[in-house]
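Chemist: One file is attached below, target_0.cif, containing mmCIF, C-alpha atoms.
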```cif
data_input
loop_
_atom_site.label_atom_id
_atom_site.label_comp_id
_atom_site.auth_asym_id
_atom_site.auth_seq_id
_atom_site.Cartn_x
_atom_site.Cartn_y
_atom_site.Cartn_z
CA LEU A 24 0.00 0.00 0.00
CA VAL A 25 1.40 3.37 -1.03
CA ALA A 26 -0.30 6.69 -0.34
CA VAL A 27 0.56 10.33 -0.87
CA ARG A 28 -1.37 13.41 0.21
CA CYS A 29 -1.03 16.72 -1.58
CA ARG A 30 -1.74 20.33 -0.78
CA ARG A 31 -3.20 22.28 -3.67
CA GLY A 32 -1.78 25.62 -4.71
CA LEU A 33 0.19 27.02 -7.62
CA ARG A 34 1.90 23.63 -7.60
CA SER A 35 0.83 20.39 -5.93
CA THR A 36 3.05 19.62 -2.96
CA VAL A 37 3.20 16.30 -1.13
CA ASP A 38 2.88 16.85 2.62
CA PHE A 39 2.39 13.22 3.71
CA LYS A 40 3.41 9.82 2.36
CA ILE A 41 3.38 6.22 3.55
CA SER A 42 4.52 2.92 2.08
CA GLU A 43 3.65 -0.45 3.61
CA THR A 44 4.75 -3.86 2.31
CA LEU A 45 2.15 -6.58 2.78
CA THR A 46 2.01 -10.37 2.47
CA PRO A 47 -1.25 -11.97 1.32
CA LEU A 48 -2.58 -14.64 3.64
CA PRO A 49 -3.03 -18.20 2.34
CA GLY A 50 -6.48 -18.71 0.89
CA GLU A 51 -7.21 -14.98 0.49
CA PRO A 52 -7.26 -13.06 -2.79
CA ALA A 53 -3.94 -11.41 -3.62
CA TRP A 54 -5.51 -7.96 -3.15
CA ALA A 55 -7.12 -8.63 0.25
CA ALA A 56 -4.16 -7.54 2.39
CA ALA A 57 -3.85 -4.26 0.48
CA ALA A 58 -7.58 -3.54 0.78
CA GLN A 59 -7.46 -4.19 4.53
CA ALA A 60 -4.40 -1.94 4.88
CA LEU A 61 -6.24 0.81 2.99
CA SER A 62 -9.16 0.51 5.40
CA ARG A 63 -6.80 0.78 8.39
CA PHE A 64 -5.05 3.81 6.93
CA LEU A 65 -8.32 5.61 6.16
CA SER A 66 -9.31 5.27 9.83
CA THR A 67 -6.20 7.16 11.02
CA PRO A 68 -5.98 10.92 11.68
CA GLU A 69 -3.71 11.30 8.64
CA ALA A 70 -6.64 10.56 6.33
CA LEU A 71 -7.96 14.11 6.23
CA ALA A 72 -11.04 15.23 4.32
CA GLY A 73 -10.61 15.67 0.59
CA ASN A 74 -10.72 13.72 -2.67
CA LEU A 75 -9.19 10.27 -3.00
CA SER A 76 -8.00 8.72 -6.27
CA VAL A 77 -7.04 5.04 -6.18
CA VAL A 78 -4.61 3.40 -8.61
CA LEU A 79 -4.67 -0.39 -8.79
CA SER A 80 -1.57 -2.43 -9.54
CA ASN A 81 -1.71 -4.33 -12.82
CA HIS A 82 -1.32 -7.49 -10.74
CA PHE A 83 -5.01 -7.02 -9.83
CA VAL A 84 -6.35 -6.13 -13.30
CA ARG A 85 -6.94 -8.09 -16.51
CA TYR A 86 -7.17 -6.54 -19.98
CA VAL A 87 -8.67 -7.49 -23.33
CA LEU A 88 -9.14 -5.65 -26.60
CA VAL A 89 -12.80 -5.73 -27.61
CA PRO A 90 -13.60 -5.50 -31.35
CA TRP A 91 -16.20 -3.03 -32.54
CA SER A 92 -19.71 -4.27 -33.19
CA GLY A 93 -22.29 -2.20 -35.02
CA ARG A 94 -25.06 -4.16 -33.30
CA ILE A 95 -24.26 -2.54 -29.93
CA ALA A 96 -26.49 0.45 -29.21
CA ASN A 97 -25.13 1.95 -25.97
CA VAL A 98 -22.37 1.95 -23.37
CA GLU A 99 -24.06 -0.61 -21.12
CA GLU A 100 -24.39 -3.08 -24.00
CA PHE A 101 -20.71 -2.61 -24.85
CA ARG A 102 -19.79 -3.28 -21.21
CA ASN A 103 -21.78 -6.53 -21.33
CA TYR A 104 -20.11 -7.38 -24.63
CA ALA A 105 -16.71 -6.84 -22.99
CA ALA A 106 -17.73 -8.96 -19.99
CA ALA A 107 -18.57 -11.79 -22.38
CA ALA A 108 -15.13 -11.41 -23.96
CA PHE A 109 -13.47 -11.81 -20.56
CA GLU A 110 -15.59 -14.86 -19.82
CA GLU A 111 -14.57 -16.41 -23.13
CA VAL A 112 -10.89 -16.00 -22.21
CA TYR A 113 -10.97 -16.68 -18.46
CA GLY A 114 -14.05 -18.85 -17.99
CA GLU A 115 -16.72 -18.69 -15.28
CA THR A 116 -14.45 -16.85 -12.81
CA ALA A 117 -14.92 -13.70 -14.91
CA ALA A 118 -18.56 -13.51 -13.77
CA ALA A 119 -17.28 -12.05 -10.47
CA TRP A 120 -15.39 -9.22 -12.16
CA GLU A 121 -16.25 -5.56 -12.62
CA VAL A 122 -15.63 -4.41 -16.20
CA CYS A 123 -14.93 -0.94 -17.58
CA VAL A 124 -14.41 0.00 -21.23
CA SER A 125 -12.44 2.88 -22.69
CA PRO A 126 -14.36 5.50 -24.71
CA GLU A 127 -13.33 5.40 -28.37
CA ARG A 128 -14.65 6.75 -31.63
CA SER A 129 -17.34 4.73 -33.41
CA GLY A 130 -16.00 1.79 -35.35
CA SER A 131 -12.83 1.37 -33.24
CA PRO A 132 -11.86 -1.49 -30.93
CA ARG A 133 -12.01 -0.64 -27.24
CA LEU A 134 -9.71 -1.43 -24.38
CA ALA A 135 -11.49 -3.21 -21.53
CA ALA A 136 -10.25 -3.76 -17.97
CA ALA A 137 -11.63 -6.13 -15.35
CA LEU A 138 -11.02 -6.53 -11.63
CA ASP A 139 -12.57 -8.53 -8.81
CA ARG A 140 -15.87 -6.89 -7.91
CA ALA A 141 -15.12 -7.64 -4.26
CA LEU A 142 -11.95 -5.54 -4.48
CA LEU A 143 -13.87 -2.54 -5.77
CA GLU A 144 -16.52 -3.00 -3.10
CA SER A 145 -13.79 -3.17 -0.41
CA VAL A 146 -12.31 0.11 -1.60
CA ARG A 147 -15.70 1.81 -1.65
CA ALA A 148 -16.56 0.50 1.82
CA ALA A 149 -13.25 1.71 3.26
CA VAL A 150 -13.72 5.20 1.81
CA ALA A 151 -17.36 5.38 2.97
CA CYS A 152 -16.16 5.10 6.59
CA SER A 153 -13.64 7.92 6.16
CA PRO A 154 -13.87 11.71 5.68
CA LEU A 155 -12.68 11.31 2.07
CA ARG A 156 -14.65 11.31 -1.18
CA LEU A 157 -13.76 8.62 -3.72
CA ARG A 158 -12.95 10.50 -6.90
CA SER A 159 -11.81 7.60 -9.11
CA VAL A 160 -10.47 4.05 -9.22
CA GLN A 161 -8.12 3.42 -12.13
CA PRO A 162 -5.89 0.57 -13.30
CA TYR A 163 -2.23 1.58 -13.31
CA LEU A 164 -2.01 1.01 -17.08
CA MET A 165 -4.63 3.68 -17.77
CA ALA A 166 -3.32 6.13 -15.16
CA ALA A 167 0.27 5.88 -16.41
CA PHE A 168 -0.65 6.02 -20.10
CA ASN A 169 -2.85 9.09 -19.65
CA ARG A 170 -0.14 10.85 -17.64
CA VAL A 171 3.03 10.20 -19.67
CA ALA A 172 2.12 8.84 -23.12
CA LYS A 173 -1.22 10.32 -24.19
CA PRO A 174 0.05 13.94 -24.18
CA ARG A 175 2.53 13.00 -26.94
CA ARG A 176 -0.34 12.50 -29.42
CA GLU A 177 1.43 9.91 -31.60
CA ARG A 178 -0.93 7.89 -33.80
CA ASP A 179 1.30 4.82 -33.99
CA PHE A 180 3.32 3.50 -31.05
CA VAL A 181 4.10 0.68 -28.64
CA PHE A 182 3.78 1.55 -24.95
CA MET A 183 5.30 -0.67 -22.28
CA LEU A 184 4.60 -0.14 -18.57
CA VAL A 185 7.08 -1.86 -16.25
CA GLU A 186 6.00 -2.76 -12.74
CA ALA A 187 7.56 -5.15 -10.22
CA ASP A 188 7.33 -8.61 -11.88
CA ARG A 189 4.58 -7.35 -14.19
CA VAL A 190 4.67 -5.74 -17.62
CA CYS A 191 1.80 -4.32 -19.68
CA ILE A 192 2.11 -3.59 -23.40
CA LEU A 193 -0.26 -1.46 -25.49
CA THR A 194 0.04 -1.11 -29.25
CA ALA A 195 -1.75 1.46 -31.42
CA GLU A 196 -1.74 2.02 -35.16
CA GLY A 197 -3.65 4.75 -36.97
CA LYS A 198 -5.06 6.03 -33.65
CA THR A 199 -6.63 2.59 -33.13
CA TRP A 200 -5.79 0.05 -30.43
CA ARG A 201 -4.29 -3.06 -31.99
CA HIS A 202 -3.05 -5.18 -29.09
CA VAL A 203 -2.86 -5.35 -25.28
CA SER A 204 -1.13 -7.81 -22.99
CA ALA A 205 -0.16 -8.11 -19.34
CA VAL A 206 2.38 -10.74 -18.33
CA THR A 207 4.62 -11.76 -15.47
CA VAL A 208 8.22 -11.42 -16.56
CA SER A 209 11.64 -10.73 -15.09
CA ALA A 210 13.01 -7.19 -15.29
CA ASP A 211 16.05 -8.38 -17.23
CA PRO A 212 16.45 -5.99 -20.24
CA ALA A 213 17.05 -8.85 -22.68
CA ALA A 214 13.86 -10.60 -21.52
CA LEU A 215 11.88 -7.37 -21.89
CA VAL A 216 13.18 -6.76 -25.40
CA ALA A 217 12.29 -10.33 -26.40
CA LEU A 218 8.82 -9.81 -24.94
CA LEU A 219 8.34 -6.54 -26.80
CA GLU A 220 9.38 -8.05 -30.13
CA ARG A 221 7.03 -11.00 -29.60
CA GLU A 222 4.08 -8.78 -28.68
CA ILE A 223 4.72 -6.52 -31.68
CA ARG A 224 4.52 -9.58 -33.94
CA LEU A 225 1.29 -10.68 -32.24
CA ALA A 226 -0.19 -7.21 -32.87
CA ASP A 227 -0.12 -7.98 -36.60
CA LEU A 228 0.67 -4.39 -37.57
CA GLN A 229 0.05 -3.37 -41.16
CA GLY A 230 2.81 -0.78 -41.64
CA GLU A 231 6.28 -1.70 -42.84
CA VAL A 232 8.09 0.80 -40.58
CA ALA A 233 8.89 -0.21 -37.01
CA LEU A 234 6.75 1.75 -34.55
CA PRO A 235 8.36 3.92 -31.87
CA VAL A 236 8.53 2.20 -28.49
CA PHE A 237 7.77 4.20 -25.34
CA VAL A 238 8.66 2.75 -21.96
CA HIS A 239 7.53 3.91 -18.54
CA ALA A 240 9.31 2.46 -15.50
CA SER A 241 9.25 5.13 -12.81
CA GLN A 242 9.61 2.53 -10.09
CA ARG A 243 13.09 1.79 -11.50
CA PRO A 244 15.14 5.01 -11.72
CA GLY A 245 17.68 5.05 -14.54
CA PHE A 246 15.91 2.28 -16.44
CA THR A 247 17.03 1.74 -20.05
CA LEU A 248 16.47 -0.88 -22.74
CA PRO A 249 18.54 -2.08 -25.72
CA PRO A 250 17.16 -1.36 -29.23
CA VAL A 251 13.89 -3.01 -30.23
CA GLN A 252 13.64 -3.89 -33.94
CA GLY A 253 16.63 -1.66 -34.54
CA LYS A 254 15.26 1.39 -32.71
CA ALA A 255 16.14 2.61 -29.24
CA PRO A 256 13.05 2.78 -27.00
CA ARG A 257 12.28 6.15 -25.45
CA VAL A 258 11.84 6.15 -21.68
CA LEU A 259 9.01 8.45 -20.61
CA GLU A 260 9.65 9.98 -17.22
CA LEU A 261 6.97 10.94 -14.74
CA LYS A 262 7.14 14.48 -13.42
CA PHE A 263 7.02 14.00 -9.67
CA PRO A 264 5.22 16.60 -7.55
CA ALA A 265 7.13 18.75 -5.07
CA GLY A 266 7.91 16.69 -2.01
CA LEU A 267 8.80 13.54 -3.97
CA ALA A 268 12.12 12.83 -5.67
CA PRO A 269 12.42 10.22 -8.48
CA LEU A 270 15.65 8.73 -7.13
CA THR A 271 14.62 8.35 -3.50
CA ASP A 272 10.83 8.06 -3.78
CA SER A 273 10.43 5.72 -6.76
CA ALA A 274 8.19 3.48 -4.64
CA PHE A 275 5.57 6.25 -4.80
CA ALA A 276 5.52 6.44 -8.60
CA MET A 277 2.20 4.65 -8.99
CA ALA A 278 0.43 7.00 -6.59
CA ALA A 279 2.15 10.01 -8.19
CA THR A 280 0.45 9.35 -11.54
CA MET A 281 -2.75 10.79 -10.03
CA VAL A 282 -1.15 13.90 -8.48
#
```
Can I see the file as structure tokens?

Modeler:
Amino acid sequence: LVAVRCRRGLRSTVDFKISETLTPLPGEPAWAAAAQALSRFLSTPEALAGNLSVVLSNHFVRYVLVPWSGRIANVEEFRNYAAAAFEEVYGETAAAWEVCVSPERSGSPRLAAALDRALLESVRAAVACSPLRLRSVQPYLMAAFNRVAKPRRERDFVFMLVEADRVCILTAEGKTWRHVSAVTVSADPAALVALLEREIRLADLQGEVALPVFVHASQRPGFTLPPVQGKAPRVLELKFPAGLAPLTDSAFAMAATMV
């Protein structure tokens, strides 16, 4: 569990931060210890009134790319369509998941994320007993992409988000999502390059020119990768708020995406 609190002004400034390492108990969901720690923290005096944004580790989220269907009339139908896609991939266990779908232009595939409904309910229950207002709950992939990659406005790219023992890869071509994956992998640069090249092949891109590769790994200061398909990946750095330093506070990078 990592939390930062900011004062608002001309520039956001962190005035409180905590980081707690947790071990899931046997037989409990992997997220249960973190949800319980959040509840304990929100009952302390440090949890002052204000807005709370929650970022969920990609260890707790699954992703699929949902093809467009002209037979779908509204957002709720598309969410059900995405839920069926998760069930096709993961089986009956997906029935207990909460699904959200990215807004895209008509005719385009959409990125869908799913998490245990019980996790979301635990977060909401913890916040309901605190003086805070729950502003948003976002998967780390979305929060990081919107913060460091989306402002670049490239139409074609590969985006890789590196987290401890977990890597997410998003590929876009012609302003359209083409591929998404989330895998457990070592942080060895050679293994990451091999993974990137494999996922790019799976994306079945139509262009003949290798796409630029953007990498975000704020939890690993100084991170670099060898060339991918002959091109050096560009590492996108997160601008930390005042009160956090990239070299000493990298553990707070996930929380800092919402500051």

Chemist: Which polymer residues have any atom within 10 Å of an atom of stretch 109-126 of chain A, counting only C-alpha atoms, with same-chain residues fewer than 3 positions away left out, as a ChimeraX atom specification?

Modeler: /A:84-89,98-99,101-106,129,131-144,161,165

Chemist: If you count all atoms listed in the file, which residues fall within 9 Å of A:Ala255, apart from same-chain ones fewer than 6 positions away, as a list in words?

Modeler: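 Neighbouring residues, sequence-local ones excluded: Pro235, Val236, Leu248 and Pro249 of chain A.
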
Chemist: Those residues with C-alpha atoms, as a PDB file, in the coordinates of the input please?

Modeler:
```pdb
ATOM      1  CA  PRO A 235       8.360   3.920 -31.870  1.00  0.00           C
ATOM      2  CA  VAL A 236       8.530   2.200 -28.490  1.00  0.00           C
ATOM      3  CA  LEU A 248      16.470  -0.880 -22.740  1.00  0.00           C
ATOM      4  CA  PRO A 249      18.540  -2.080 -25.720  1.00  0.00           C
TER       5      PRO A 249
END
```

Chemist: Using Å and a single decimal, report how far atom CA of A:Ser209 sits from atom CA of A:Phe263.

Modeler: 25.7 Å

Chemist: Distance cut-off 10 Å, centre (5.6, -0.3, 4.2) in file coordinates, counting only C-alpha atoms: which residues qualify? Return them as a list in words.

Modeler: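 The distance filter leaves exactly Leu24, Val25, Ile41, Ser42, Glu43, Thr44, Leu45 and Ala274 of chain A.
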
Chemist: Smallest atom-to-atom distance to A:Leu225: which of A:Thr199, A:Thr194, A:Ser35, A:Gln252, using all atoms listed in the file?

Modeler: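 For A:Leu225, the nearest of the given residues is A:Thr194.
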
Chemist: Here's a test: counting all atoms listed in the file, identify every protein, DNA and RNA residue with an atom at most 9 Å from (10.2, -4.5, -4.9) in the file's coordinate frame, and state them as a list in words.

Modeler: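 Taken together, the residues in range are Ala187, Asp188, Gln242 and Ala274 of chain A.
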
Chemist: Give me, please, the distance in Å between atom CA of A:Leu218 and atom CA of A:Ala167, quoted to one decimal.

Modeler: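 Atom CA of A:Ala167 lies at a distance of 19.8 Å from atom CA of A:Leu218.
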
Chemist: Identify which of the residues A:Cys29, A:Ala205, A:Val160, A:Ala226 lies closest to A:Val181, counting all atoms listed in the file when measuring atom-to-atom distances.

Modeler: A:Ala226

Chemist: Expand the PyMOL selection byres ((chain A and resi 27) around 8) into the explicit residue set it covers here, and present it as a short mmCIF file (atom, residue, chain, number, x, y, z; two decimals) with C-alpha atoms, in the coordinates of the input.

Modeler:
```cif
data_model
loop_
_atom_site.label_atom_id
_atom_site.label_comp_id
_atom_site.auth_asym_id
_atom_site.auth_seq_id
_atom_site.Cartn_x
_atom_site.Cartn_y
_atom_site.Cartn_z
CA VAL A 25 1.40 3.37 -1.03
CA ALA A 26 -0.30 6.69 -0.34
CA ARG A 28 -1.37 13.41 0.21
CA CYS A 29 -1.03 16.72 -1.58
CA VAL A 37 3.20 16.30 -1.13
CA ASP A 38 2.88 16.85 2.62
CA PHE A 39 2.39 13.22 3.71
CA LYS A 40 3.41 9.82 2.36
CA ILE A 41 3.38 6.22 3.55
CA PHE A 275 5.57 6.25 -4.80
CA ALA A 278 0.43 7.00 -6.59
CA ALA A 279 2.15 10.01 -8.19
#
```

Chemist: Enter the distance from atom CA of A:Asn169 to atom CA of A:Leu219, in Å, rounded to one decimal.

Modeler: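 It comes out at 20.5 Å.
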
Chemist: Between A:Arg147, A:Arg30, A:Arg201, A:Arg189, which one has atoms that come closest to A:Ala240, using all atoms listed in the file?

Modeler: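 Checking each candidate against A:Ala240, we get A:Arg189 as the closest.
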
Chemist: Edge lengths and centre in Å to one decimal, as AutoDock Vina command-line options, is what I'm after for the box along x, y and z that holds all listed atoms of stretch 234-247 of chain A once 6 Å is added on each side.

Modeler:
```
--center_x 12.2 --center_y 3.4 --center_z -22.3 --size_x 22.9 --size_y 15.4 --size_z 36.5
```

Chemist: Under the PyMOL selection byres ((chain A and resi 261) around 12), which residues of this model are included? Write them out as a PyMOL selection string.

Modeler: chain A and resi 166-172+184+238-244+258-260+262-264+267-270+272-273+275-282

Chemist: Check the smallest atom-to-atom distance from each of A:Asn81, A:Asn97, A:Ser76, A:Ser145 to A:Ala56 using all atoms listed in the file, then report the winner.

Modeler: A:Ser145

Chemist: Looking at A:Glu177, A:Cys191, A:Ile223, A:His82, which one is nearest to A:Pro52, with distances taken over all atoms listed in the file?

Modeler: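 Of A:Glu177, A:Cys191, A:Ile223, A:His82, the one nearest A:Pro52, counting all atoms listed in the file, is A:His82.
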